[in-house]
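For reference, query28.cif (mmCIF, C-alpha atoms):
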```cif
data_final
#
loop_
_atom_site.label_atom_id
_atom_site.label_comp_id
_atom_site.auth_asym_id
_atom_site.auth_seq_id
_atom_site.Cartn_x
_atom_site.Cartn_y
_atom_site.Cartn_z
CA MET A 1 11.80 -6.83 -5.73
CA SER A 2 9.90 -3.53 -5.51
CA LYS A 3 7.22 -2.68 -8.04
CA PRO A 4 7.83 0.27 -10.36
CA VAL A 5 5.81 3.41 -9.58
CA VAL A 6 3.98 5.33 -12.33
CA ALA A 7 2.64 8.84 -11.55
CA VAL A 8 -0.09 10.61 -13.52
CA VAL A 9 0.58 14.38 -13.44
CA GLY A 10 -0.66 17.48 -15.26
CA ARG A 11 -2.69 20.65 -14.89
CA PRO A 12 -6.08 20.51 -13.15
CA ASN A 13 -9.03 19.21 -15.14
CA VAL A 14 -7.19 17.45 -17.99
CA GLY A 15 -8.68 14.06 -17.05
CA LYS A 16 -6.04 12.56 -14.73
CA SER A 17 -8.57 10.90 -12.43
CA THR A 18 -10.55 9.54 -15.39
CA LEU A 19 -7.36 7.98 -16.80
CA PHE A 20 -6.40 6.68 -13.35
CA ASN A 21 -9.80 5.02 -12.95
CA ALA A 22 -9.62 3.52 -16.46
CA LEU A 23 -6.23 1.95 -15.61
CA ALA A 24 -7.16 0.92 -12.07
CA GLY A 25 -10.33 -0.72 -13.34
CA SER A 26 -12.54 0.92 -10.74
CA ARG A 27 -13.80 4.36 -9.79
CA ILE A 28 -11.30 5.18 -7.05
CA SER A 29 -10.69 8.89 -7.73
CA ILE A 30 -13.49 11.42 -7.58
CA VAL A 31 -14.17 12.66 -11.10
CA GLU A 32 -15.69 16.13 -11.40
CA ASP A 33 -15.36 19.00 -13.83
CA THR A 34 -14.17 21.32 -11.07
CA PRO A 35 -10.39 21.89 -11.19
CA GLY A 36 -8.72 20.77 -7.96
CA VAL A 37 -11.11 17.98 -6.95
CA THR A 38 -8.26 15.46 -6.56
CA ARG A 39 -6.26 17.11 -3.82
CA ASP A 40 -3.98 14.22 -2.92
CA ARG A 41 -2.28 11.22 -4.40
CA ILE A 42 -4.30 8.06 -4.54
CA TYR A 43 -2.71 4.74 -5.49
CA ALA A 44 -3.76 1.51 -7.19
CA GLU A 45 -2.06 -1.69 -8.31
CA VAL A 46 -2.11 -2.16 -12.11
CA SER A 47 -1.13 -5.16 -14.26
CA TRP A 48 -0.20 -4.96 -17.95
CA LEU A 49 1.13 -7.96 -19.87
CA ASN A 50 3.63 -9.55 -17.44
CA TYR A 51 4.25 -6.35 -15.49
CA GLN A 52 2.80 -5.07 -12.22
CA PHE A 53 3.21 -1.50 -11.10
CA THR A 54 1.84 0.98 -8.56
CA LEU A 55 -0.10 3.83 -10.16
CA ILE A 56 -0.38 7.22 -8.40
CA ASP A 57 -3.05 9.81 -9.15
CA THR A 58 -2.04 13.38 -8.23
CA GLY A 59 -3.75 16.70 -7.73
CA GLY A 60 -3.39 19.10 -10.63
CA ILE A 61 -0.24 21.22 -10.81
CA GLU A 62 -0.72 24.99 -10.96
CA PRO A 63 2.96 25.98 -11.30
CA GLU A 64 2.70 29.56 -10.03
CA SER A 65 -0.43 29.68 -7.89
CA ASP A 66 -0.24 31.32 -4.45
CA ASP A 67 -3.50 29.66 -3.41
CA ILE A 68 -2.64 27.55 -0.34
CA ILE A 69 -4.62 24.51 -1.52
CA LEU A 70 -3.17 24.61 -5.04
CA SER A 71 0.37 25.08 -3.70
CA ARG A 72 -0.14 22.11 -1.36
CA MET A 73 -1.37 20.06 -4.34
CA ARG A 74 1.76 21.12 -6.22
CA GLU A 75 3.92 19.84 -3.33
CA GLN A 76 2.00 16.54 -3.36
CA ALA A 77 2.53 16.19 -7.12
CA GLU A 78 6.25 17.00 -6.76
CA THR A 79 6.52 14.26 -4.11
CA ALA A 80 4.85 11.82 -6.51
CA ILE A 81 7.21 12.89 -9.33
CA MET A 82 10.32 12.24 -7.19
CA THR A 83 8.95 8.82 -6.13
CA ALA A 84 7.98 7.72 -9.65
CA ASP A 85 9.94 5.50 -12.04
CA VAL A 86 7.85 6.70 -15.02
CA ILE A 87 5.70 9.84 -15.31
CA LEU A 88 2.58 10.17 -17.45
CA PHE A 89 2.25 13.89 -18.27
CA LEU A 90 -1.40 14.35 -19.21
CA THR A 91 -2.58 17.25 -21.39
CA ASP A 92 -5.92 18.20 -22.97
CA VAL A 93 -6.27 18.23 -26.79
CA ARG A 94 -9.34 20.49 -26.58
CA GLN A 95 -7.60 23.20 -24.56
CA GLY A 96 -4.45 22.87 -26.66
CA VAL A 97 -0.99 23.72 -25.33
CA VAL A 98 -1.24 26.43 -22.67
CA ASP A 99 1.44 28.36 -20.80
CA ALA A 100 1.09 26.20 -17.66
CA ASP A 101 1.85 23.05 -19.73
CA PHE A 102 5.28 24.50 -20.62
CA LYS A 103 5.96 25.17 -16.91
CA VAL A 104 4.93 21.65 -15.90
CA ALA A 105 7.09 20.26 -18.74
CA ASP A 106 10.11 22.21 -17.34
CA MET A 107 9.44 20.80 -13.85
CA LEU A 108 9.32 17.26 -15.26
CA ARG A 109 12.53 17.72 -17.27
CA ARG A 110 14.34 18.75 -14.07
CA SER A 111 13.18 15.53 -12.36
CA HIS A 112 15.35 13.45 -14.77
CA ARG A 113 12.64 10.78 -14.76
CA PRO A 114 11.31 9.06 -17.93
CA VAL A 115 8.31 11.15 -19.05
CA LEU A 116 5.57 10.08 -21.47
CA LEU A 117 3.57 12.94 -22.98
CA VAL A 118 -0.08 11.82 -23.16
CA VAL A 119 -2.72 13.92 -24.96
CA ASN A 120 -6.16 13.16 -23.52
CA LYS A 121 -9.75 13.64 -24.77
CA VAL A 122 -8.86 12.46 -28.32
CA ASP A 123 -12.30 10.85 -28.74
CA ASP A 124 -12.01 10.79 -32.55
CA PHE A 125 -8.50 10.17 -33.90
CA ASN A 126 -9.37 11.41 -37.42
CA LYS A 127 -10.81 14.65 -36.09
CA TYR A 128 -8.24 15.53 -33.40
CA MET A 129 -4.89 14.19 -34.69
CA PRO A 130 -3.89 17.53 -36.34
CA ASP A 131 -4.35 19.18 -32.91
CA VAL A 132 -2.21 16.49 -31.24
CA TYR A 133 0.85 17.53 -33.30
CA GLU A 134 0.83 20.92 -31.56
CA PHE A 135 2.07 19.16 -28.38
CA TYR A 136 5.47 18.48 -29.98
CA ASN A 137 6.18 22.10 -28.93
CA LEU A 138 6.56 20.91 -25.33
CA GLY A 139 9.80 19.16 -26.32
CA LEU A 140 8.98 15.89 -24.54
CA GLY A 141 9.01 13.58 -27.56
CA ASP A 142 6.10 11.96 -29.40
CA PRO A 143 2.70 12.78 -27.92
CA ILE A 144 0.52 9.69 -27.32
CA PRO A 145 -3.17 10.32 -28.13
CA VAL A 146 -5.72 8.70 -25.79
CA SER A 147 -9.30 9.04 -24.67
CA ALA A 148 -9.49 8.15 -20.97
CA GLN A 149 -13.29 8.44 -21.12
CA GLY A 150 -13.61 6.20 -24.18
CA LYS A 151 -10.62 4.01 -23.24
CA LEU A 152 -9.00 4.57 -26.64
CA GLY A 153 -5.22 4.29 -27.10
CA ILE A 154 -4.71 3.03 -23.53
CA GLY A 155 -2.96 -0.21 -24.62
CA ASP A 156 -0.46 1.65 -26.83
CA MET A 157 0.27 4.02 -23.94
CA LEU A 158 0.85 1.13 -21.48
CA ASP A 159 3.19 -0.57 -23.98
CA GLU A 160 5.32 2.60 -23.88
CA VAL A 161 5.13 2.75 -20.05
CA VAL A 162 6.50 -0.77 -19.50
CA LYS A 163 9.30 -0.19 -22.06
CA ARG A 164 10.64 2.51 -19.72
CA PHE A 165 10.89 0.32 -16.61
CA ASP A 166 14.45 -0.25 -15.47
CA PRO A 167 15.35 -3.91 -16.19
CA ALA A 168 17.90 -3.81 -13.35
CA GLN A 169 15.11 -2.89 -10.93
CA MET A 170 12.86 -5.67 -12.28
CA GLU A 171 15.61 -8.28 -11.91
CA GLU A 172 17.44 -7.03 -8.84
CA GLU A 173 19.30 -9.62 -6.78
CA GLU A 174 17.39 -11.23 -3.95
CA ASP A 175 18.42 -9.67 -0.66
CA ASP A 176 17.51 -12.23 1.99
CA ARG A 177 18.04 -9.86 4.91
CA PRO A 178 14.77 -9.25 6.81
CA LYS A 179 13.20 -5.93 5.78
CA ILE A 180 11.13 -4.08 8.34
CA ALA A 181 9.03 -1.05 7.34
CA VAL A 182 8.46 1.32 10.27
CA ILE A 183 5.12 2.99 9.53
CA GLY A 184 2.70 5.27 11.35
CA LYS A 185 1.51 8.82 11.77
CA PRO A 186 3.96 11.73 11.99
CA ASN A 187 5.63 12.25 15.34
CA ALA A 188 4.78 8.81 16.73
CA GLY A 189 8.51 8.16 17.17
CA LYS A 190 9.41 6.02 14.14
CA SER A 191 12.82 7.63 13.60
CA SER A 192 13.54 7.67 17.34
CA ILE A 193 13.02 3.89 17.53
CA ILE A 194 15.47 3.28 14.67
CA ASN A 195 18.03 5.68 16.18
CA ARG A 196 17.79 3.92 19.53
CA LEU A 197 18.29 0.53 17.85
CA LEU A 198 21.31 1.94 16.01
CA GLY A 199 22.68 3.73 19.02
CA GLU A 200 23.33 6.81 16.90
CA GLU A 201 21.52 9.71 15.29
CA ARG A 202 21.30 8.24 11.76
CA VAL A 203 17.77 9.52 11.00
CA ILE A 204 16.86 13.17 11.60
CA VAL A 205 14.61 13.38 14.65
CA SER A 206 12.53 16.51 15.16
CA PRO A 207 9.31 17.28 17.04
CA ILE A 208 7.94 18.80 13.82
CA ALA A 209 5.49 16.33 12.30
CA GLY A 210 6.56 15.02 8.92
CA THR A 211 10.33 15.66 9.18
CA THR A 212 11.19 12.35 7.51
CA ARG A 213 10.76 13.21 3.84
CA ASP A 214 11.88 9.97 2.19
CA ALA A 215 11.85 6.28 2.95
CA ILE A 216 15.35 5.68 4.35
CA ASP A 217 16.99 2.23 4.51
CA THR A 218 19.08 1.65 7.64
CA THR A 219 20.99 -1.56 8.39
CA VAL A 220 20.99 -2.70 12.03
CA LYS A 221 23.13 -5.66 13.14
CA ARG A 222 22.16 -7.83 16.10
CA ASN A 223 23.60 -11.17 17.19
CA GLY A 224 25.42 -11.48 13.85
CA ARG A 225 22.20 -11.00 11.82
CA GLU A 226 21.51 -7.93 9.67
CA TYR A 227 18.08 -6.27 9.51
CA VAL A 228 17.10 -3.54 7.05
CA PHE A 229 14.81 -0.95 8.64
CA ILE A 230 12.84 1.27 6.25
CA ASP A 231 11.81 4.53 7.93
CA THR A 232 8.85 6.14 6.17
CA ALA A 233 7.41 9.61 5.95
CA GLY A 234 4.62 9.97 8.49
CA LEU A 235 1.05 9.89 7.24
CA ARG A 236 -0.79 13.06 8.09
CA ARG A 237 -4.23 13.30 9.62
CA LYS A 238 -7.06 15.13 7.90
CA SER A 239 -6.43 18.84 7.98
CA LYS A 240 -8.53 20.88 10.41
CA VAL A 241 -8.31 23.81 7.97
CA LYS A 242 -11.58 24.91 6.34
CA GLU A 243 -10.53 23.35 3.04
CA GLU A 244 -9.00 19.89 3.33
CA LEU A 245 -5.43 20.64 2.25
CA GLU A 246 -4.31 17.03 1.97
CA ARG A 247 -5.88 13.74 2.88
CA TYR A 248 -3.21 11.07 3.32
CA SER A 249 0.25 11.24 1.88
CA ILE A 250 0.54 7.47 1.60
CA ILE A 251 2.61 6.63 -1.44
CA ARG A 252 5.91 6.29 0.45
CA THR A 253 4.33 3.98 2.98
CA VAL A 254 2.81 1.94 0.15
CA THR A 255 6.16 1.53 -1.64
CA ALA A 256 7.97 0.78 1.66
CA VAL A 257 5.39 -1.84 2.62
CA GLU A 258 5.70 -3.39 -0.87
CA ARG A 259 9.40 -4.02 -0.15
CA CYS A 260 9.15 -5.21 3.45
CA ASP A 261 8.69 -8.59 5.13
CA VAL A 262 7.27 -7.13 8.33
CA ALA A 263 5.56 -3.80 9.02
CA VAL A 264 5.93 -2.22 12.46
CA LEU A 265 3.07 0.21 13.07
CA VAL A 266 4.20 2.77 15.66
CA ILE A 267 1.38 4.20 17.80
CA ASP A 268 1.80 7.17 20.13
CA ALA A 269 0.77 5.94 23.61
CA THR A 270 -0.10 9.48 24.71
CA GLU A 271 -2.65 9.80 21.85
CA GLY A 272 -3.98 6.26 21.80
CA ILE A 273 -4.97 4.39 18.63
CA THR A 274 -6.84 6.43 16.01
CA GLU A 275 -8.78 5.84 12.81
CA GLN A 276 -5.68 6.99 10.92
CA ASP A 277 -3.57 4.26 12.58
CA ALA A 278 -6.13 1.67 11.44
CA LYS A 279 -5.96 2.97 7.84
CA ILE A 280 -2.14 2.78 7.87
CA ALA A 281 -2.25 -0.77 9.28
CA GLY A 282 -4.68 -1.68 6.49
CA ILE A 283 -2.00 -0.94 3.86
CA ALA A 284 0.18 -3.75 5.27
CA HIS A 285 -2.79 -6.06 5.90
CA GLU A 286 -4.00 -5.75 2.28
CA ARG A 287 -0.53 -6.72 1.05
CA GLY A 288 -0.26 -9.76 3.30
CA LYS A 289 2.72 -8.50 5.31
CA GLY A 290 3.74 -9.53 8.81
CA MET A 291 2.36 -7.06 11.35
CA ILE A 292 3.66 -5.76 14.69
CA ILE A 293 1.92 -2.99 16.65
CA ALA A 294 4.53 -1.05 18.65
CA VAL A 295 3.03 1.29 21.24
CA ASN A 296 5.76 3.93 21.74
CA LYS A 297 6.18 6.53 24.53
CA TRP A 298 4.84 3.99 27.05
CA ASP A 299 7.05 5.66 29.69
CA LEU A 300 4.86 8.79 29.47
CA VAL A 301 1.61 6.98 30.36
CA GLU A 302 0.40 6.93 33.99
CA LYS A 303 -0.23 3.30 34.84
CA ASP A 304 -2.19 1.13 37.21
CA THR A 305 -2.68 -2.66 37.20
CA SER A 306 -5.10 -2.63 34.24
CA THR A 307 -3.61 0.13 31.99
CA MET A 308 -1.99 -2.23 29.49
CA LYS A 309 -5.09 -4.47 29.35
CA LYS A 310 -7.43 -1.51 28.65
CA PHE A 311 -5.06 -0.06 26.04
CA SER A 312 -4.83 -3.46 24.31
CA GLU A 313 -8.62 -3.80 24.20
CA LYS A 314 -8.94 -0.40 22.45
CA ILE A 315 -6.32 -1.46 19.89
CA TRP A 316 -8.12 -4.72 19.05
CA GLN A 317 -11.44 -2.86 18.75
CA LYS A 318 -9.91 -0.59 16.10
CA LEU A 319 -7.90 -3.36 14.40
CA SER A 320 -10.60 -6.05 14.47
CA SER A 321 -9.59 -7.26 10.99
CA MET A 322 -6.08 -8.17 12.14
CA PRO A 323 -6.29 -9.95 15.50
CA TYR A 324 -3.18 -11.92 14.44
CA ALA A 325 -0.87 -8.86 14.83
CA GLU A 326 1.78 -8.95 17.56
CA LEU A 327 1.58 -6.21 20.18
CA ILE A 328 4.51 -4.69 22.10
CA PHE A 329 4.68 -1.71 24.47
CA LEU A 330 8.00 0.16 24.42
CA SER A 331 9.79 3.47 24.74
CA ALA A 332 12.34 4.75 22.23
CA LYS A 333 13.42 7.38 24.76
CA THR A 334 14.29 5.01 27.64
CA GLY A 335 14.97 1.91 25.55
CA GLN A 336 12.27 -0.01 27.47
CA ARG A 337 11.51 -3.39 25.74
CA LEU A 338 13.35 -2.35 22.54
CA PRO A 339 15.58 -5.48 22.53
CA LYS A 340 12.37 -7.57 22.69
CA LEU A 341 11.28 -5.96 19.39
CA PHE A 342 13.94 -8.04 17.58
CA ASP A 343 12.64 -11.25 19.16
CA VAL A 344 9.12 -10.41 17.99
CA ILE A 345 10.38 -9.54 14.47
CA ASP A 346 12.25 -12.89 14.28
CA ALA A 347 9.14 -14.80 15.38
CA VAL A 348 6.88 -13.03 12.86
CA ILE A 349 9.35 -13.61 9.99
CA GLU A 350 9.43 -17.31 10.91
CA ASN A 351 5.62 -17.50 10.99
CA CYS A 352 5.28 -15.73 7.61
CA ALA A 353 7.44 -18.48 6.07
CA LEU A 354 5.87 -21.41 7.97
CA ARG A 355 4.69 -24.39 5.90
CA VAL A 356 2.20 -26.98 7.13
CA GLN A 357 2.06 -30.52 5.75
CA THR A 358 -1.03 -31.30 3.69
CA GLY A 359 -1.92 -34.42 5.71
CA VAL A 360 -1.92 -32.47 8.99
CA LEU A 361 -3.98 -29.67 7.43
CA ASN A 362 -6.67 -32.08 6.28
CA GLU A 363 -6.84 -33.68 9.72
CA ILE A 364 -7.52 -30.23 11.19
CA LEU A 365 -10.11 -29.55 8.48
CA THR A 366 -11.96 -32.85 9.07
CA GLU A 367 -12.06 -32.21 12.82
CA ALA A 368 -13.23 -28.60 12.30
CA MET A 369 -16.07 -29.70 9.98
CA ALA A 370 -17.15 -32.38 12.47
CA MET A 371 -17.41 -29.75 15.22
CA LYS A 372 -19.19 -27.19 13.04
CA GLN A 373 -20.88 -28.04 9.75
CA PRO A 374 -20.13 -25.90 6.69
CA PRO A 375 -22.89 -23.43 5.68
CA SER A 376 -25.76 -24.37 3.38
CA ASP A 377 -28.13 -22.42 1.14
CA LYS A 378 -31.55 -23.61 -0.14
CA GLY A 379 -30.82 -27.16 0.92
CA LYS A 380 -27.38 -27.29 -0.73
CA ARG A 381 -24.42 -27.56 1.65
CA LEU A 382 -20.86 -26.38 1.10
CA ARG A 383 -18.53 -29.36 0.77
CA ILE A 384 -14.81 -28.93 1.36
CA TYR A 385 -12.96 -31.86 -0.19
CA TYR A 386 -9.36 -30.96 0.48
CA ILE A 387 -7.00 -28.22 1.69
CA THR A 388 -3.34 -27.61 0.84
CA GLN A 389 -0.82 -24.83 1.42
CA VAL A 390 0.44 -23.34 -1.86
CA SER A 391 2.74 -20.51 -0.75
CA VAL A 392 4.28 -18.53 2.12
CA LYS A 393 4.74 -14.80 2.87
CA PRO A 394 1.83 -14.76 3.59
CA PRO A 395 0.84 -18.40 4.20
CA THR A 396 -1.75 -19.13 1.50
CA PHE A 397 -4.08 -22.11 1.44
CA VAL A 398 -6.27 -23.48 -1.37
CA MET A 399 -9.53 -25.23 -0.46
CA PHE A 400 -11.20 -27.42 -3.07
CA ILE A 401 -14.98 -27.12 -2.74
CA ASN A 402 -18.21 -27.90 -4.60
CA ASP A 403 -19.62 -24.35 -5.05
CA LYS A 404 -18.05 -20.91 -4.39
CA LYS A 405 -21.50 -19.36 -3.92
CA LEU A 406 -21.93 -21.37 -0.72
CA THR A 407 -18.79 -19.98 0.93
CA HIS A 408 -19.13 -17.49 3.76
CA PHE A 409 -16.42 -15.35 5.35
CA SER A 410 -17.51 -16.40 8.87
CA TYR A 411 -16.80 -20.08 8.08
CA THR A 412 -13.47 -19.15 6.46
CA ARG A 413 -12.60 -17.25 9.66
CA TYR A 414 -13.61 -20.33 11.68
CA ILE A 415 -11.25 -22.58 9.63
CA GLU A 416 -8.51 -19.94 9.97
CA ASN A 417 -8.95 -19.90 13.75
CA GLN A 418 -8.65 -23.72 13.91
CA ILE A 419 -5.38 -23.56 11.93
CA ARG A 420 -4.07 -20.73 14.12
CA THR A 421 -5.01 -22.62 17.31
CA THR A 422 -2.76 -25.49 16.17
CA PHE A 423 0.13 -23.66 14.51
CA GLY A 424 -0.01 -20.08 15.87
CA PHE A 425 0.93 -18.05 12.79
CA ARG A 426 1.25 -15.06 15.14
CA GLY A 427 1.94 -11.77 13.38
CA THR A 428 1.09 -12.96 9.86
CA PRO A 429 -2.15 -12.79 7.89
CA ILE A 430 -3.39 -16.03 6.30
CA HIS A 431 -4.95 -16.06 2.83
CA PHE A 432 -7.50 -18.58 1.54
CA ILE A 433 -8.33 -19.33 -2.10
CA TYR A 434 -11.37 -21.39 -3.11
CA ARG A 435 -11.27 -23.70 -6.12
CA GLU A 436 -14.43 -25.36 -7.41
CA ARG A 437 -14.32 -29.06 -8.20
CA LYS A 438 -17.64 -30.21 -9.62
CA GLU A 439 -19.19 -33.34 -8.15
CA LYS A 440 -19.46 -36.25 -10.54
#
```
Re-express the file's structure as structure tokens.
Amino acid sequence: MSKPVVAVVGRPNVGKSTLFNALAGSRISIVEDTPGVTRDRIYAEVSWLNYQFTLIDTGGIEPESDDIILSRMREQAETAIMTADVILFLTDVRQGVVDADFKVADMLRRSHRPVLLVVNKVDDFNKYMPDVYEFYNLGLGDPIPVSAQGKLGIGDMLDEVVKRFDPAQMEEEEDDRPKIAVIGKPNAGKSSIINRLLGEERVIVSPIAGTTRDAIDTTVKRNGREYVFIDTAGLRRKSKVKEELERYSIIRTVTAVERCDVAVLVIDATEGITEQDAKIAGIAHERGKGMIIAVNKWDLVEKDTSTMKKFSEKIWQKLSSMPYAELIFLSAKTGQRLPKLFDVIDAVIENCALRVQTGVLNEILTEAMAMKQPPSDKGKRLRIYYITQVSVKPPTFVMFINDKKLTHFSYTRYIENQIRTTFGFRGTPIHFIYRERKEK
């Protein structure tokens, strides 16, 4: 089941980033009084009542600007609009309805998406409500007054947001076919890999970076088993232009990764691994998805006896937080090692769903603690009473302990390594949760 996507759109400087930060619960977007500060979409996971959704912040829309940065921001916002399940159209009560608001309203009507008209900066409902009524002129239904700064009216607005989610989407039938999101920078060869697996030109392949505009689902059948491959729009590097035109267009990758079981990060062997690749990999890592690093265009690299070893070392330096990921070197052009990709996918899917018996886990834990004592602070030592696995995809373990303040990530990593040494869990992250149980 994929999470609904909610996009916050509107003219520059109406308070979109302030509202985004209020909903996300942290200061993720830069908030300044200068129009055009938020030049790209930034995302956050939001919970309201029993609903979870992905929230997108967008750059302000200047409908008719020829300025290259503003027109790029408009494209970004349009992408967000077409991805969204619900749109929050934010306006400014103090500026009133301006001509650009009518143009944005027309753009939103053409999207055929549910739109909520939100009037921001209503810091005093008694004082500003007469001005709010003016926004009925936009023809988008009842305006919802809020103050993003003062966090007023936010709950009423979110009640309206969740009412507009599609129940069919929330309760869609479980599709047990493995879903593989193919992610990476533009032009790394994501579409070429899928086409080679299919044996036909199903996805448009072009040397122009960013040709794949939408996440496309493609079914590939192998040995009687169906796999759903999700090809994503490439994530662009920082612009070398004087003004940074766009940072990362990541929302499609985020929504694709949300839906997948395994993410395949495609790296261009001729470029090597970059900071951008690490950021893209982080999206899957944060969401606990299975991870495969596929180094494409390996046929174009001049090799000696240590080429693969050196390349691997550079990858693990950049991806130090995910040493569990599987690594495969291949070529979409020649088909080199592509059949092996399915074997790796099968193994990772199996590991993501692996369950370990509680008795065996506690034997490993006892042995690990005997070899290396848990950390202590001011004479008080961490005591781990018990460990049990509570879920899969990703494998998640709960450890019952005496005091959370005594935990340290290095000891958690040590316990993780002991579990991995015994059971492998290759290709999947492992999550740990600590629960305090006070000593009698």
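The nearest approach to Ser192 in chain A among the residues A:Leu49, A:Val266, A:Val360, A:Ala105, with only C-alpha atoms taken into account, belongs to A:Val266.
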Give, as AutoDock Vina command-line options, the centre coordinates and the x, y and z edge lengths in Å to one decimal for an axis-aligned box around all listed atoms of range 151-158 of chain A, padded by 4 Å on each side.
```
--center_x -4.9 --center_y 2.2 --center_z -24.3 --size_x 19.5 --size_y 12.8 --size_z 13.6
```
Worksheet item: Which residues, written as a ChimeraX atom specification, have at least one atom at most 12 Å from Ser320 in chain A, with only C-alpha atoms counted and residues fewer than 4 positions away on the same chain left out?
Response: /A:278,281-282,285,312-316,324-325
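Nearest-residue note for Arg196 in chain A: choosing from A:Val122, A:Ala353, A:Val220, A:Ile430, the minimum distance belongs to A:Val220, counting all atoms listed in the file.
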Discussion item. What's the separation between CA of Ser191 in chain A and CA of Asp231 in chain A, in Å to one decimal place?
Written reply: 6.5 Å
